[in-house]
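> This is the content of final.pdb (PDB, C-alpha atoms):
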```pdb
MODEL        1
ATOM      1  CA  MET A  64       3.150  36.050 -44.604
ATOM      2  CA  GLN A  65       3.593  32.343 -45.097
ATOM      3  CA  ASP A  66       2.937  30.527 -48.356
ATOM      4  CA  LEU A  67       2.422  26.918 -47.281
ATOM      5  CA  LYS A  68       2.558  25.409 -50.763
ATOM      6  CA  GLY A  69       6.351  25.672 -50.428
ATOM      7  CA  PHE A  70       6.538  23.985 -47.013
ATOM      8  CA  SER A  71       8.445  20.736 -46.655
ATOM      9  CA  VAL A  72       9.824  18.746 -43.746
ATOM     10  CA  PRO A  73      13.644  18.694 -43.958
ATOM     11  CA  LYS A  74      15.250  15.350 -44.781
ATOM     12  CA  GLY A  75      16.040  13.446 -41.574
ATOM     13  CA  PHE A  76      14.031  15.853 -39.385
ATOM     14  CA  ARG A  77      11.952  13.089 -37.790
ATOM     15  CA  GLY A  78      15.006  10.984 -36.983
ATOM     16  CA  GLY A  79      13.378   7.900 -38.480
ATOM     17  CA  ASN A  80      11.869   6.832 -41.773
ATOM     18  CA  GLY A  81       8.157   7.004 -42.527
ATOM     19  CA  ILE A  82       7.566   3.324 -41.767
ATOM     20  CA  LYS A  83       9.157   3.617 -38.316
ATOM     21  CA  VAL A  84       7.101   6.739 -37.556
ATOM     22  CA  GLN A  85       3.821   5.144 -38.645
ATOM     23  CA  LEU A  86       4.617   1.909 -36.785
ATOM     24  CA  TRP A  87       5.271   3.860 -33.567
ATOM     25  CA  TRP A  88       2.032   5.805 -33.936
ATOM     26  CA  ALA A  89       0.116   2.505 -34.388
ATOM     27  CA  VAL A  90       1.841   0.931 -31.358
ATOM     28  CA  GLN A  91       1.244   4.044 -29.257
ATOM     29  CA  ALA A  92      -2.471   4.100 -30.178
ATOM     30  CA  THR A  93      -2.933   0.412 -29.302
ATOM     31  CA  LEU A  94      -0.403  -1.583 -27.266
ATOM     32  CA  PHE A  95       0.801   1.484 -25.330
ATOM     33  CA  ALA A  96      -2.495   3.332 -24.813
ATOM     34  CA  TRP A  97      -4.597   0.239 -24.095
ATOM     35  CA  SER A  98      -2.240  -1.154 -21.473
ATOM     36  CA  PRO A  99      -3.474  -1.129 -17.857
ATOM     37  CA  GLN A 100      -2.180   1.686 -15.644
ATOM     38  CA  ILE A 101       0.082  -0.647 -13.623
ATOM     39  CA  LEU A 102       2.037  -1.920 -16.658
ATOM     40  CA  TYR A 103       4.783   0.697 -16.416
ATOM     41  CA  ARG A 104       7.493  -1.803 -17.394
ATOM     42  CA  TRP A 105       5.538  -2.783 -20.503
ATOM     43  CA  ARG A 106       5.332   0.821 -21.686
ATOM     44  CA  ALA A 107       9.026   1.343 -20.866
ATOM     45  CA  PHE A 108       9.788  -1.760 -22.941
ATOM     46  CA  LEU A 109       7.797  -0.406 -25.902
ATOM     47  CA  LEU A 110       9.564   2.950 -25.674
ATOM     48  CA  ARG A 111      12.986   1.272 -25.527
ATOM     49  CA  LEU A 112      12.016  -0.862 -28.519
ATOM     50  CA  PHE A 113      11.609   2.384 -30.452
ATOM     51  CA  GLY A 114      14.899   3.870 -29.257
ATOM     52  CA  ALA A 115      13.959   5.843 -26.135
ATOM     53  CA  LYS A 116      16.514   5.887 -23.332
ATOM     54  CA  ILE A 117      14.502   4.888 -20.269
ATOM     55  CA  GLY A 118      15.896   4.585 -16.739
ATOM     56  CA  LYS A 119      14.787   2.117 -14.099
ATOM     57  CA  ASN A 120      11.418   2.228 -12.355
ATOM     58  CA  VAL A 121       9.974   4.913 -14.614
ATOM     59  CA  VAL A 122       6.251   5.665 -14.234
ATOM     60  CA  ILE A 123       4.664   6.640 -17.524
ATOM     61  CA  ARG A 124       0.898   6.617 -17.909
ATOM     62  CA  PRO A 125      -0.818   5.011 -20.917
ATOM     63  CA  SER A 126      -2.455   8.301 -21.984
ATOM     64  CA  VAL A 127       0.921  10.047 -22.496
ATOM     65  CA  LYS A 128       1.569  11.099 -26.112
ATOM     66  CA  ILE A 129       5.127  10.948 -27.480
ATOM     67  CA  THR A 130       5.787  12.005 -31.049
ATOM     68  CA  TYR A 131       9.159  10.291 -31.645
ATOM     69  CA  PRO A 132      10.346   8.107 -28.737
ATOM     70  CA  TRP A 133      13.856   7.833 -30.193
ATOM     71  CA  LYS A 134      14.277  11.486 -29.159
ATOM     72  CA  LEU A 135      13.303  10.887 -25.512
ATOM     73  CA  THR A 136      15.440  10.251 -22.414
ATOM     74  CA  LEU A 137      13.843   9.559 -19.012
ATOM     75  CA  GLY A 138      16.058   9.210 -15.930
ATOM     76  CA  ASP A 139      15.609   6.653 -13.148
ATOM     77  CA  TYR A 140      12.348   7.005 -11.191
ATOM     78  CA  ALA A 141      10.992   9.747 -13.488
ATOM     79  CA  TRP A 142       7.194  10.071 -13.676
ATOM     80  CA  VAL A 143       5.090  11.295 -16.600
ATOM     81  CA  GLY A 144       1.404  11.835 -15.788
ATOM     82  CA  ASP A 145      -1.887  11.306 -17.579
ATOM     83  CA  ASP A 146      -2.475  13.184 -20.827
ATOM     84  CA  ALA A 147       1.001  14.728 -20.857
ATOM     85  CA  VAL A 148       2.354  15.486 -24.338
ATOM     86  CA  LEU A 149       6.050  15.082 -25.086
ATOM     87  CA  TYR A 150       6.252  16.696 -28.523
ATOM     88  CA  THR A 151       9.657  15.327 -29.416
ATOM     89  CA  LEU A 152      10.454  16.993 -32.706
ATOM     90  CA  GLY A 153      13.699  17.756 -30.856
ATOM     91  CA  GLU A 154      15.272  15.892 -27.948
ATOM     92  CA  ILE A 155      13.521  15.860 -24.565
ATOM     93  CA  THR A 156      15.471  14.835 -21.471
ATOM     94  CA  ILE A 157      13.752  14.421 -18.116
ATOM     95  CA  GLY A 158      16.132  13.819 -15.215
ATOM     96  CA  ALA A 159      16.012  11.213 -12.476
ATOM     97  CA  ASN A 160      13.321  11.606  -9.803
ATOM     98  CA  SER A 161      11.508  14.297 -11.787
ATOM     99  CA  VAL A 162       7.748  14.529 -12.216
ATOM    100  CA  VAL A 163       5.951  15.834 -15.297
ATOM    101  CA  SER A 164       2.353  15.995 -14.075
ATOM    102  CA  GLN A 165      -0.887  15.426 -15.936
ATOM    103  CA  LYS A 166      -1.671  17.554 -18.970
ATOM    104  CA  CYS A 167       1.812  19.081 -19.215
ATOM    105  CA  TYR A 168       2.947  19.924 -22.745
ATOM    106  CA  LEU A 169       6.677  19.872 -23.530
ATOM    107  CA  CYS A 170       7.003  21.366 -27.009
ATOM    108  CA  THR A 171      10.328  21.134 -28.841
ATOM    109  CA  GLY A 172       8.964  22.228 -32.224
ATOM    110  CA  SER A 173       7.842  25.445 -33.828
ATOM    111  CA  HIS A 174       7.857  27.297 -37.141
ATOM    112  CA  ASP A 175       9.815  30.284 -38.381
ATOM    113  CA  PHE A 176       6.977  32.740 -38.957
ATOM    114  CA  MET A 177       9.365  35.040 -40.865
ATOM    115  CA  SER A 178      10.174  32.315 -43.386
ATOM    116  CA  PRO A 179       8.074  32.462 -46.548
ATOM    117  CA  HIS A 180       7.548  28.693 -46.326
ATOM    118  CA  PHE A 181       6.927  28.555 -42.529
ATOM    119  CA  ASP A 182      10.045  26.433 -42.007
ATOM    120  CA  ILE A 183       9.763  23.922 -39.171
ATOM    121  CA  THR A 184      12.276  24.115 -36.321
ATOM    122  CA  ALA A 185      13.192  21.999 -33.316
ATOM    123  CA  SER A 186      15.087  22.853 -30.124
ATOM    124  CA  PRO A 187      15.723  20.458 -27.219
ATOM    125  CA  ILE A 188      14.136  20.631 -23.778
ATOM    126  CA  ALA A 189      16.046  19.524 -20.668
ATOM    127  CA  ILE A 190      14.296  19.025 -17.341
ATOM    128  CA  GLY A 191      16.837  18.501 -14.558
ATOM    129  CA  GLU A 192      16.800  15.981 -11.739
ATOM    130  CA  LYS A 193      14.303  16.191  -8.839
ATOM    131  CA  CYS A 194      12.077  18.694 -10.659
ATOM    132  CA  TRP A 195       8.311  18.903 -10.535
ATOM    133  CA  LEU A 196       6.247  20.366 -13.333
ATOM    134  CA  ALA A 197       2.774  20.609 -11.781
ATOM    135  CA  THR A 198      -0.504  20.180 -13.666
ATOM    136  CA  ASP A 199      -0.818  21.657 -17.162
ATOM    137  CA  VAL A 200       2.596  23.327 -17.441
ATOM    138  CA  PHE A 201       3.685  24.371 -20.951
ATOM    139  CA  VAL A 202       7.420  24.282 -21.734
ATOM    140  CA  ALA A 203       8.588  26.024 -24.929
ATOM    141  CA  PRO A 204      11.330  24.850 -27.317
ATOM    142  CA  GLY A 205      14.938  25.261 -26.197
ATOM    143  CA  ILE A 206      14.179  25.508 -22.475
ATOM    144  CA  SER A 207      16.126  23.984 -19.608
ATOM    145  CA  VAL A 208      14.804  23.669 -16.075
ATOM    146  CA  GLY A 209      17.512  23.401 -13.425
ATOM    147  CA  ASP A 210      17.777  20.534 -10.931
ATOM    148  CA  GLY A 211      15.332  20.679  -8.030
ATOM    149  CA  THR A 212      13.026  23.288  -9.547
ATOM    150  CA  VAL A 213       9.245  23.304  -9.111
ATOM    151  CA  VAL A 214       6.991  24.925 -11.726
ATOM    152  CA  GLY A 215       3.474  25.723 -10.504
ATOM    153  CA  ALA A 216       0.261  24.527 -12.116
ATOM    154  CA  ARG A 217      -0.770  26.111 -15.405
ATOM    155  CA  SER A 218       2.504  28.000 -15.770
ATOM    156  CA  SER A 219       4.101  28.699 -19.152
ATOM    157  CA  VAL A 220       7.884  28.432 -19.375
ATOM    158  CA  PHE A 221       9.387  30.583 -22.143
ATOM    159  CA  LYS A 222      12.818  31.196 -20.556
ATOM    160  CA  SER A 223      15.106  28.687 -18.892
ATOM    161  CA  LEU A 224      14.710  28.400 -15.120
ATOM    162  CA  PRO A 225      17.535  28.129 -12.560
ATOM    163  CA  ALA A 226      18.094  25.215 -10.194
ATOM    164  CA  ASN A 227      16.408  24.920  -6.797
ATOM    165  CA  SER A 228      13.683  27.466  -7.516
ATOM    166  CA  ILE A 229       9.941  27.622  -7.117
ATOM    167  CA  CYS A 230       8.454  29.241 -10.187
ATOM    168  CA  ARG A 231       4.979  30.051 -11.458
ATOM    169  CA  GLY A 232       3.062  32.263 -13.821
ATOM    170  CA  ASN A 233       2.668  33.101 -17.464
ATOM    171  CA  PRO A 234       5.439  33.599 -18.179
ATOM    172  CA  ALA A 235       6.894  31.596 -15.298
ATOM    173  CA  VAL A 236       9.139  33.568 -12.957
ATOM    174  CA  VAL A 237      11.103  32.616  -9.867
ATOM    175  CA  ILE A 238       9.022  33.157  -6.709
ATOM    176  CA  ARG A 239      11.541  31.891  -4.179
ATOM    177  CA  GLU A 240      14.321  29.413  -3.570
ATOM    178  CA  ARG A 241      13.527  25.734  -2.983
ATOM    179  CA  VAL A 242      15.456  24.420  -0.017
ATOM    180  CA  GLU A 243      16.019  20.740   0.637
ATOM    181  CA  THR A 244      14.520  19.420   3.866
ATOM    182  CA  ASP A 245      15.289  16.245   5.753
TER
ENDMDL
END
```
What would you get if you wrote out this structure as structure tokens?

Amino acid sequence: MQDLKGFSVPKGFRGGNGIKVQLWWAVQATLFAWSPQILYRWRAFLLRLFGAKIGKNVVIRPSVKITYPWKLTLGDYAWVGDDAVLYTLGEITIGANSVVSQKCYLCTGSHDFMSPHFDITASPIAIGEKCWLATDVFVAPGISVGDGTVVGARSSVFKSLPANSICRGNPAVVIRERVETD
């Protein structure tokens, strides 16, 4: 069982000092969150200012929550929907032309429940190009979703998913192949 009095965040874990972290959280709660829906370039600018790698014509809604933007990469024409959470304790990469729909939760962090001090861990998430994570999908730490894959609404992804697949469920499983149409 864990004994939390011994817990500590490892040095450098956040990827930025405390001032940078607090400044981002203040900017996210105000300038980012209060911006009108159509100001996608403004939010992309703010994210770049804090070290995110943002492609061209990205659509990111003002209600999106990003823990550490310096650990985020969004490809060209990627969309991130309302109330999505990008819990970037580790790196999150979302490929070009991919959609992360509303209320999705991409979680790169966890704790080692076998550790006496509940050590914090982080593992990257990679969403390929031309993917669609439908409403309220949960993606666990260390997962990759192959190019062209669709994950159905309310699915939970605990194992990496292959390219060009349609997947759903808890846990998400491949239902069939996704074929490209003209």
> Give as a PyMOL selection string the residues that the PyMOL selection byres ((chain A and resi 219) around 7) matches when applied to the coordinates above.
chain A and resi 200-202+217-218+220-221+232-235
> Quick one: pull the distance between atom CA of A:Met177 and atom CA of A:Gly78, Å, one decimal.
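Computed distance, atom CA of A:Met177 to atom CA of A:Gly78, equals 25.0 Å.
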> Is there a way to get, as a list in words, all residues within 10 Å of the point (5.0, 17.8, -8.7) in file coordinates, counting all atoms listed in the file?
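Collected hits near the coordinates: Trp142, Gly144, Ser161, Val162, Val163, Ser164, Gln165, Lys193, Cys194, Trp195, Leu196, Ala197, Thr198, Thr212, Val213, Val214, Gly215 and Ala216 of chain A.
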> As a count of residues only, please: the residues near A:Thr151 (cut-off 7 Å, only C-alpha atoms, same-chain neighbours under 5 positions excluded).
6
> What gap, in Å, lies between atom CA of A:Leu137 and atom CA of A:Cys167?
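According to the coordinates, atom CA of A:Leu137 and atom CA of A:Cys167 are separated by 15.3 Å.
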> List the neighbours of stretch 184-190 of chain A out to 8 Å using only C-alpha atoms; skip same-chain residues closer than 6 positions along the sequence, and give me the result as a ChimeraX atom specification.
/A:152-158,161,169-175,202-210
